[in-house]
Amino acid sequence: MNRALPVITLDGPAGVGKTTLATRLAKKLHISRLDTGAMFRTLALKLGPGVEYLTEEELRRRCRGLTFSLENGELLCNGQPVGEEVRSEEVGILAARIATIPVVRDVLKAAQRAMGERFPLLAEGRDMGTVVFPDARFKFFLDATPEVRAKRRIDELERKGESVDLATLTNQIRRRDDLDRNRAAAPLRPADNALIVDTSCLDIDGVLSILLQHINETA
Ligand code: DC
């Protein structure tokens with residue numbers, strides 16, 4: 001793949017803060033953010049449970065019936081904005097399950113690369129630096145312990161007036177880590193040439209300044 005437009009990849013496990021960071025970094029760099037987790041979540045929600053029992057051909061047909069695009073930086077599915085309904089932890093687990101199916105990954109990889117050919121992108125997900133954009137200009141991999149990630153998520157939910165038990169959330173995060181890291185197709189792992197940042201003891205500003213410093217020093 002010979003990339004004409006710059007792509008920056010940001011990979012890492014569930015709840016590590018990719019979305020917040022990607023939003024801020026993309027804004028600073030004046031490029032579009034592509035939230036590939038939202039693509040898997042949308043497919044999970046629209047296809048529903050049980051897709052793993054469909055034939056490969058039928059699943060490919062259904063996935064291709066859902067077309068993604070970026071319009072003014074907003075992710076659309078079949079022309080409609082992808083909304084908050086995809087953000088629940090239940091949809092996250094369903095997304096992690098369908099993300100183990102190679103046909104689903106193939107269809108989404110093609111859509112993600114097509115967007116990378118149209119716009120300079122900050123692409124966030126699990127396999128952006130390893131599989132989808134192996135020639136990306138900069139690659140980052142964020143990590144933090146499951147406990148730290150669960151605690152951050154609890155704080156975020158509490159700010160929205162929702163409450164979830166810490167043990168339940170930590171278990172959900174571990175379950176998703178297990179699915180994401182141990183699947184055969186495009187498992188979550190850092191690309192060989194990614195900058196790995198352990199965010200456990202850093203706040204968003206701290207991580208952002210590490211990423212920006214790396215970009216400025218190596219640009
Ligand atoms: O980033 P997220 O939590 O919104 O992602 C939801 C799930 O989608 C995640 O657990 C695994 C899957 N996913 C993936 O397999 N590859 C990506 N590039 C992005 C997400």
# chains A, B, ... in the order shown; residues from 1 in each chain; ligands from 1
$ closest_atom_pairs --of "chain A" --to "ligand 1" --cutoff "6 Å" --atoms "only C-alpha atoms and all ligand atoms" --output "CSV"
residue,atom,partner,partner_atom_place_in_ligand_line,distance
A:Ala14,CA,ligand 1,3 (O),4.8
A:Thr36,CA,ligand 1,19 (C),4.7
A:Gly37,CA,ligand 1,4 (O),3.5
A:Ala38,CA,ligand 1,4 (O),5.2
A:Phe40,CA,ligand 1,8 (O),4.8
A:Arg41,CA,ligand 1,6 (C),5.8
A:Gly92,CA,ligand 1,6 (C),4.7
A:Ala95,CA,ligand 1,7 (C),4.6
A:Ala96,CA,ligand 1,10 (O),3.9
A:Ala99,CA,ligand 1,15 (O),4.5
A:Gly125,CA,ligand 1,18 (N),3.6
A:Arg126,CA,ligand 1,18 (N),4.0
A:Asp127,CA,ligand 1,18 (N),4.9
A:Met128,CA,ligand 1,18 (N),5.9
A:Arg176,CA,ligand 1,10 (O),5.5
A:Asp180,CA,ligand 1,11 (C),5.6
$ closest_atom_pairs --of "range 5-26 of chain A" --to "range 66-87 of chain A" --cutoff "12 Å" --atoms "only C-alpha atoms" --output "JSON lines"
{"residue": "A:Ala14", "atom": "CA", "partner": "A:Arg87", "partner_atom": "CA", "distance": 11.8}
{"residue": "A:Gly15", "atom": "CA", "partner": "A:Arg87", "partner_atom": "CA", "distance": 11.5}
{"residue": "A:Thr19", "atom": "CA", "partner": "A:Arg87", "partner_atom": "CA", "distance": 11.5}
{"residue": "A:Thr23", "atom": "CA", "partner": "A:Gly73", "partner_atom": "CA", "distance": 10.4}
{"residue": "A:Ala26", "atom": "CA", "partner": "A:Gly73", "partner_atom": "CA", "distance": 9.9}
$ write_last_selection --atoms "N, CA, C and O atoms" --output "short mmCIF file (atom, residue, chain, number, x, y, z; two decimals), in the first residue's frame"
data_model
loop_
_atom_site.label_atom_id
_atom_site.label_comp_id
_atom_site.auth_asym_id
_atom_site.auth_seq_id
_atom_site.Cartn_x
_atom_site.Cartn_y
_atom_site.Cartn_z
N ALA A 14 -10.15 -1.71 25.48
CA ALA A 14 -11.39 -1.01 25.86
C ALA A 14 -11.15 -0.09 27.06
O ALA A 14 -10.49 -0.48 28.02
N GLY A 15 -11.70 1.10 26.96
CA GLY A 15 -11.71 2.02 28.11
C GLY A 15 -10.38 2.68 28.41
O GLY A 15 -10.21 3.29 29.47
N THR A 19 -10.93 7.38 22.60
CA THR A 19 -11.87 8.29 21.95
C THR A 19 -11.62 9.74 22.36
O THR A 19 -11.53 10.63 21.52
N THR A 23 -10.12 12.43 19.74
CA THR A 23 -10.90 13.64 19.43
C THR A 23 -10.02 14.88 19.59
O THR A 23 -9.98 15.76 18.72
N ALA A 26 -7.02 14.86 16.95
CA ALA A 26 -7.48 15.13 15.58
C ALA A 26 -7.81 16.62 15.43
O ALA A 26 -7.49 17.23 14.41
#
$ select_by_dssp --residues "range 100-209 of chain A" --states "helix (DSSP H, G or I)" --output "PyMOL selection string"
chain A and resi 102-118+128-132+146-159+166-182+204-209
$ residues_around --residues "Leu142 in chain A" --least-positions-apart "6" --cutoff "9 Å" --atoms "only C-alpha atoms" --output "PDB file with C-alpha atoms, in the first residue's frame"
ATOM      1  CA  LEU A  10      -4.234   4.959  17.824  1.00  0.00           C
ATOM      2  CA  ASP A  11      -4.843   1.444  19.121  1.00  0.00           C
ATOM      3  CA  GLY A  12      -5.469   0.043  22.570  1.00  0.00           C
ATOM      4  CA  PRO A  13      -7.859  -1.923  24.780  1.00  0.00           C
ATOM      5  CA  VAL A  16      -8.114   3.224  27.767  1.00  0.00           C
ATOM      6  CA  GLY A  17      -9.250   6.708  26.669  1.00  0.00           C
ATOM      7  CA  LYS A  18      -8.708   6.409  22.912  1.00  0.00           C
ATOM      8  CA  PRO A 190       0.938  -3.030  19.323  1.00  0.00           C
ATOM      9  CA  LEU A 195       4.986   4.108  20.400  1.00  0.00           C
ATOM     10  CA  ILE A 196       3.518   2.326  23.449  1.00  0.00           C
ATOM     11  CA  VAL A 197       2.209   4.629  26.170  1.00  0.00           C
ATOM     12  CA  ASP A 198       1.169   3.253  29.559  1.00  0.00           C
ATOM     13  CA  THR A 199      -1.486   5.746  30.615  1.00  0.00           C
ATOM     14  CA  VAL A 207      -0.878  11.526  27.300  1.00  0.00           C
TER      15      VAL A 207
END
$ residues_around --residues "Leu179 in chain A" --least-positions-apart "4" --cutoff "10 Å" --atoms "only C-alpha atoms" --output "count of residues only"
13
$ residues_around --residues "Ile215 in chain A" --least-positions-apart "6" --cutoff "10 Å" --atoms "only C-alpha atoms" --output "list in words"
Ile8, Arg137, Phe138, Lys139 and Ser209 of chain A
$ atom_distance --atom1 "CA of Glu147 in chain A" --atom2 "CA of Val91 in chain A"
20.6 Å
$ select_by_dssp --residues "chain A" --states "strand (DSSP E or B)" --output "ChimeraX atom specification"
/A:7-11,32-35,68-71,74-77,80-81,121-125,138-143,195-198
$ write_last_selection --atoms "N, CA, C and O atoms" --output "compact mmCIF listing (two decimals), in the first residue's frame"
# COMPACT_ATOMS: atom_id res chain seq x y z
N VAL A 7 -1.83 9.09 7.65
CA VAL A 7 -2.72 8.43 8.61
C VAL A 7 -1.96 8.27 9.92
O VAL A 7 -0.77 7.95 9.92
N ILE A 8 -2.64 8.56 11.02
CA ILE A 8 -2.08 8.32 12.35
C ILE A 8 -2.96 7.25 12.99
O ILE A 8 -4.19 7.33 12.91
N THR A 9 -2.35 6.23 13.58
CA THR A 9 -3.16 5.18 14.19
C THR A 9 -3.05 5.24 15.71
O THR A 9 -1.99 5.54 16.26
N LEU A 10 -4.17 4.94 16.36
CA LEU A 10 -4.23 4.96 17.82
C LEU A 10 -4.97 3.69 18.24
O LEU A 10 -6.19 3.59 18.05
N ASP A 11 -4.23 2.71 18.72
CA ASP A 11 -4.84 1.44 19.12
C ASP A 11 -4.73 1.26 20.63
O ASP A 11 -3.88 1.88 21.28
N SER A 32 -9.49 14.36 10.30
CA SER A 32 -10.71 13.68 10.75
C SER A 32 -10.36 12.50 11.65
O SER A 32 -9.35 11.83 11.44
N ARG A 33 -11.24 12.26 12.61
CA ARG A 33 -11.09 11.08 13.48
C ARG A 33 -11.98 9.98 12.95
O ARG A 33 -13.15 10.22 12.64
N LEU A 34 -11.41 8.79 12.84
CA LEU A 34 -12.24 7.64 12.44
C LEU A 34 -12.32 6.68 13.62
O LEU A 34 -11.31 6.07 14.01
N ASP A 35 -13.52 6.55 14.19
CA ASP A 35 -13.74 5.68 15.34
C ASP A 35 -14.17 4.30 14.80
O ASP A 35 -15.35 4.08 14.53
N PHE A 68 -20.58 2.66 5.39
CA PHE A 68 -20.09 3.73 6.27
C PHE A 68 -19.46 4.86 5.46
O PHE A 68 -18.82 4.61 4.43
N SER A 69 -19.64 6.08 5.98
CA SER A 69 -18.95 7.22 5.35
C SER A 69 -18.63 8.25 6.43
O SER A 69 -19.19 8.21 7.53
N LEU A 70 -17.71 9.14 6.11
CA LEU A 70 -17.38 10.26 7.00
C LEU A 70 -17.82 11.54 6.32
O LEU A 70 -17.38 11.82 5.21
N GLU A 71 -18.74 12.25 6.95
CA GLU A 71 -19.20 13.52 6.37
C GLU A 71 -18.91 14.62 7.38
O GLU A 71 -19.43 14.58 8.49
N GLU A 74 -18.06 13.42 10.68
CA GLU A 74 -19.04 12.60 11.42
C GLU A 74 -19.21 11.24 10.74
O GLU A 74 -19.31 11.17 9.51
N LEU A 75 -19.24 10.18 11.56
CA LEU A 75 -19.40 8.83 11.00
C LEU A 75 -20.87 8.55 10.72
O LEU A 75 -21.72 8.70 11.60
N LEU A 76 -21.16 8.16 9.48
CA LEU A 76 -22.53 7.83 9.09
C LEU A 76 -22.61 6.37 8.68
O LEU A 76 -21.66 5.81 8.13
N CYS A 77 -23.78 5.76 8.94
CA CYS A 77 -24.04 4.42 8.43
C CYS A 77 -25.30 4.52 7.57
O CYS A 77 -26.35 4.96 8.07
N GLN A 80 -26.98 7.81 7.83
CA GLN A 80 -27.50 8.30 9.12
C GLN A 80 -26.37 8.35 10.16
O GLN A 80 -25.56 7.42 10.23
N PRO A 81 -26.33 9.42 10.99
CA PRO A 81 -25.28 9.50 12.01
C PRO A 81 -25.33 8.31 12.96
O PRO A 81 -26.41 7.85 13.33
N LEU A 121 -6.31 10.96 8.17
CA LEU A 121 -7.12 10.38 9.25
C LEU A 121 -6.36 10.15 10.54
O LEU A 121 -5.17 9.81 10.50
N LEU A 122 -7.08 10.27 11.63
CA LEU A 122 -6.61 9.72 12.89
C LEU A 122 -7.52 8.53 13.15
O LEU A 122 -8.70 8.71 13.46
N ALA A 123 -7.00 7.33 12.93
CA ALA A 123 -7.83 6.12 13.00
C ALA A 123 -7.62 5.42 14.33
O ALA A 123 -6.50 5.02 14.66
N GLU A 124 -8.71 5.26 15.10
CA GLU A 124 -8.58 4.61 16.41
C GLU A 124 -9.27 3.25 16.41
O GLU A 124 -10.32 3.09 15.77
N GLY A 125 -8.67 2.28 17.08
CA GLY A 125 -9.28 0.95 17.15
C GLY A 125 -8.38 -0.07 17.82
O GLY A 125 -7.80 0.21 18.88
N PHE A 138 2.35 7.79 11.73
CA PHE A 138 2.64 7.65 13.17
C PHE A 138 1.71 6.59 13.74
O PHE A 138 0.54 6.56 13.38
N LYS A 139 2.26 5.78 14.65
CA LYS A 139 1.44 4.74 15.28
C LYS A 139 1.58 4.82 16.80
O LYS A 139 2.71 4.86 17.30
N PHE A 140 0.44 4.82 17.47
CA PHE A 140 0.46 4.85 18.94
C PHE A 140 -0.35 3.68 19.47
O PHE A 140 -1.36 3.27 18.87
N PHE A 141 0.10 3.16 20.61
CA PHE A 141 -0.65 2.11 21.31
C PHE A 141 -0.75 2.52 22.77
O PHE A 141 0.26 2.71 23.45
N LEU A 142 -1.99 2.69 23.23
CA LEU A 142 -2.21 3.10 24.62
C LEU A 142 -2.57 1.89 25.45
O LEU A 142 -3.32 1.02 25.00
N ASP A 143 -2.10 1.86 26.69
CA ASP A 143 -2.46 0.75 27.58
C ASP A 143 -2.66 1.24 29.00
O ASP A 143 -2.20 2.35 29.35
N LEU A 195 4.54 3.59 19.11
CA LEU A 195 4.99 4.11 20.40
C LEU A 195 3.97 3.63 21.44
O LEU A 195 2.77 3.94 21.32
N ILE A 196 4.43 2.86 22.42
CA ILE A 196 3.52 2.33 23.45
C ILE A 196 3.51 3.28 24.64
O ILE A 196 4.58 3.63 25.15
N VAL A 197 2.31 3.71 25.03
CA VAL A 197 2.21 4.63 26.17
C VAL A 197 1.35 3.99 27.25
O VAL A 197 0.17 3.70 27.02
N ASP A 198 1.95 3.76 28.42
CA ASP A 198 1.17 3.25 29.56
C ASP A 198 0.53 4.47 30.23
O ASP A 198 1.24 5.32 30.79
$ closest_residue --among "A:Arg62, A:Leu47, A:Pro134, A:Asp106" --to "Asn193 in chain A" --atoms "only C-alpha atoms"
A:Pro134
$ residues_around --residues "Phe119 in chain A" --least-positions-apart "3" --cutoff "8 Å" --atoms "only C-alpha atoms" --output "VMD selection string"
chain A and resid 5 31 to 32 115 to 116
$ write_last_selection --atoms "all heavy atoms" --output "PDB file, in the first residue's frame"
ATOM      1  N   LEU A   5      -2.011  10.030   1.537  1.00  0.00           N
ATOM      2  CA  LEU A   5      -2.492  10.892   2.617  1.00  0.00           C
ATOM      3  C   LEU A   5      -1.969  10.383   3.964  1.00  0.00           C
ATOM      4  O   LEU A   5      -1.864   9.183   4.157  1.00  0.00           O
ATOM      5  CB  LEU A   5      -4.026  10.881   2.644  1.00  0.00           C
ATOM      6  CG  LEU A   5      -4.700  11.523   1.432  1.00  0.00           C
ATOM      7  CD1 LEU A   5      -6.195  11.272   1.451  1.00  0.00           C
ATOM      8  CD2 LEU A   5      -4.425  13.013   1.417  1.00  0.00           C
ATOM      9  N   ILE A  31      -7.346  17.102  11.407  1.00  0.00           N
ATOM     10  CA  ILE A  31      -7.652  15.958  10.548  1.00  0.00           C
ATOM     11  C   ILE A  31      -8.906  15.266  11.097  1.00  0.00           C
ATOM     12  O   ILE A  31      -9.328  15.539  12.225  1.00  0.00           O
ATOM     13  CB  ILE A  31      -6.469  14.955  10.431  1.00  0.00           C
ATOM     14  CG1 ILE A  31      -6.088  14.373  11.795  1.00  0.00           C
ATOM     15  CG2 ILE A  31      -5.264  15.618   9.794  1.00  0.00           C
ATOM     16  CD1 ILE A  31      -4.983  13.332  11.711  1.00  0.00           C
ATOM     17  N   SER A  32      -9.493  14.360  10.300  1.00  0.00           N
ATOM     18  CA  SER A  32     -10.706  13.675  10.750  1.00  0.00           C
ATOM     19  C   SER A  32     -10.362  12.504  11.649  1.00  0.00           C
ATOM     20  O   SER A  32      -9.355  11.829  11.442  1.00  0.00           O
ATOM     21  CB  SER A  32     -11.491  13.127   9.555  1.00  0.00           C
ATOM     22  OG  SER A  32     -11.906  14.171   8.745  1.00  0.00           O
ATOM     23  N   MET A 115     -11.808   5.124   3.386  1.00  0.00           N
ATOM     24  CA  MET A 115     -11.880   6.453   4.018  1.00  0.00           C
ATOM     25  C   MET A 115     -10.479   7.047   4.155  1.00  0.00           C
ATOM     26  O   MET A 115     -10.277   8.244   3.989  1.00  0.00           O
ATOM     27  CB  MET A 115     -12.591   6.363   5.359  1.00  0.00           C
ATOM     28  CG  MET A 115     -14.087   6.138   5.167  1.00  0.00           C
ATOM     29  SD  MET A 115     -15.011   6.289   6.678  1.00  0.00           S
ATOM     30  CE  MET A 115     -15.381   4.606   7.027  1.00  0.00           C
ATOM     31  N   GLY A 116      -9.493   6.174   4.429  1.00  0.00           N
ATOM     32  CA  GLY A 116      -8.103   6.639   4.531  1.00  0.00           C
ATOM     33  C   GLY A 116      -7.565   7.143   3.207  1.00  0.00           C
ATOM     34  O   GLY A 116      -6.602   7.901   3.165  1.00  0.00           O
TER      35      GLY A 116
END
$ residues_around --residues "range 54-60 of chain A" --least-positions-apart "5" --cutoff "8 Å" --atoms "only C-alpha atoms" --output "PDB file with C-alpha atoms, in the first residue's frame"
ATOM      1  CA  VAL A 103     -15.732 -11.746   7.060  1.00  0.00           C
ATOM      2  CA  VAL A 104     -16.884  -8.877   9.267  1.00  0.00           C
ATOM      3  CA  VAL A 107     -15.742  -5.783   4.982  1.00  0.00           C
TER       4      VAL A 107
END
$ decode --residues "range 57-104 of chain A" --atoms "C-alpha atoms" --output "tab-separated table (two decimals), in the first residue's frame"
chain	number	residue	atom	x	y	z
A	57	GLU	CA	-21.96	-15.51	2.10
A	58	GLU	CA	-25.08	-14.30	3.91
A	59	LEU	CA	-23.02	-12.47	6.52
A	60	ARG	CA	-20.93	-10.75	3.85
A	61	ARG	CA	-24.13	-9.71	2.05
A	62	ARG	CA	-25.64	-8.26	5.24
A	63	CYS	CA	-22.42	-6.43	6.19
A	64	ARG	CA	-22.16	-4.93	2.72
A	65	GLY	CA	-25.72	-3.64	3.09
A	66	LEU	CA	-24.43	-1.30	5.80
A	67	THR	CA	-22.27	1.40	4.21
A	68	PHE	CA	-20.09	3.73	6.27
A	69	SER	CA	-18.95	7.22	5.35
A	70	LEU	CA	-17.38	10.26	7.00
A	71	GLU	CA	-19.20	13.52	6.37
A	72	ASN	CA	-17.70	16.66	7.90
A	73	GLY	CA	-15.87	14.45	10.36
A	74	GLU	CA	-19.04	12.60	11.42
A	75	LEU	CA	-19.40	8.83	11.00
A	76	LEU	CA	-22.53	7.83	9.09
A	77	CYS	CA	-24.04	4.42	8.43
A	78	ASN	CA	-26.27	4.29	5.37
A	79	GLY	CA	-26.35	8.08	5.46
A	80	GLN	CA	-27.50	8.30	9.12
A	81	PRO	CA	-25.28	9.50	12.01
A	82	VAL	CA	-24.06	6.72	14.30
A	83	GLY	CA	-25.62	7.73	17.60
A	84	GLU	CA	-25.19	7.23	21.34
A	85	GLU	CA	-27.22	3.98	21.20
A	86	VAL	CA	-24.05	2.09	20.19
A	87	ARG	CA	-22.10	3.18	23.28
A	88	SER	CA	-23.41	0.76	25.95
A	89	GLU	CA	-21.12	-1.91	27.41
A	90	GLU	CA	-23.59	-4.59	26.20
A	91	VAL	CA	-23.19	-3.42	22.59
A	92	GLY	CA	-19.41	-3.28	23.21
A	93	ILE	CA	-19.36	-6.97	24.13
A	94	LEU	CA	-21.54	-7.88	21.14
A	95	ALA	CA	-19.14	-5.86	18.95
A	96	ALA	CA	-16.13	-7.70	20.41
A	97	ARG	CA	-17.86	-11.00	19.57
A	98	ILE	CA	-18.65	-10.17	15.95
A	99	ALA	CA	-15.15	-8.65	15.61
A	100	THR	CA	-13.74	-12.18	15.88
A	101	ILE	CA	-15.40	-13.12	12.55
A	102	PRO	CA	-12.99	-12.70	9.59
A	103	VAL	CA	-15.73	-11.75	7.06
A	104	VAL	CA	-16.88	-8.88	9.27
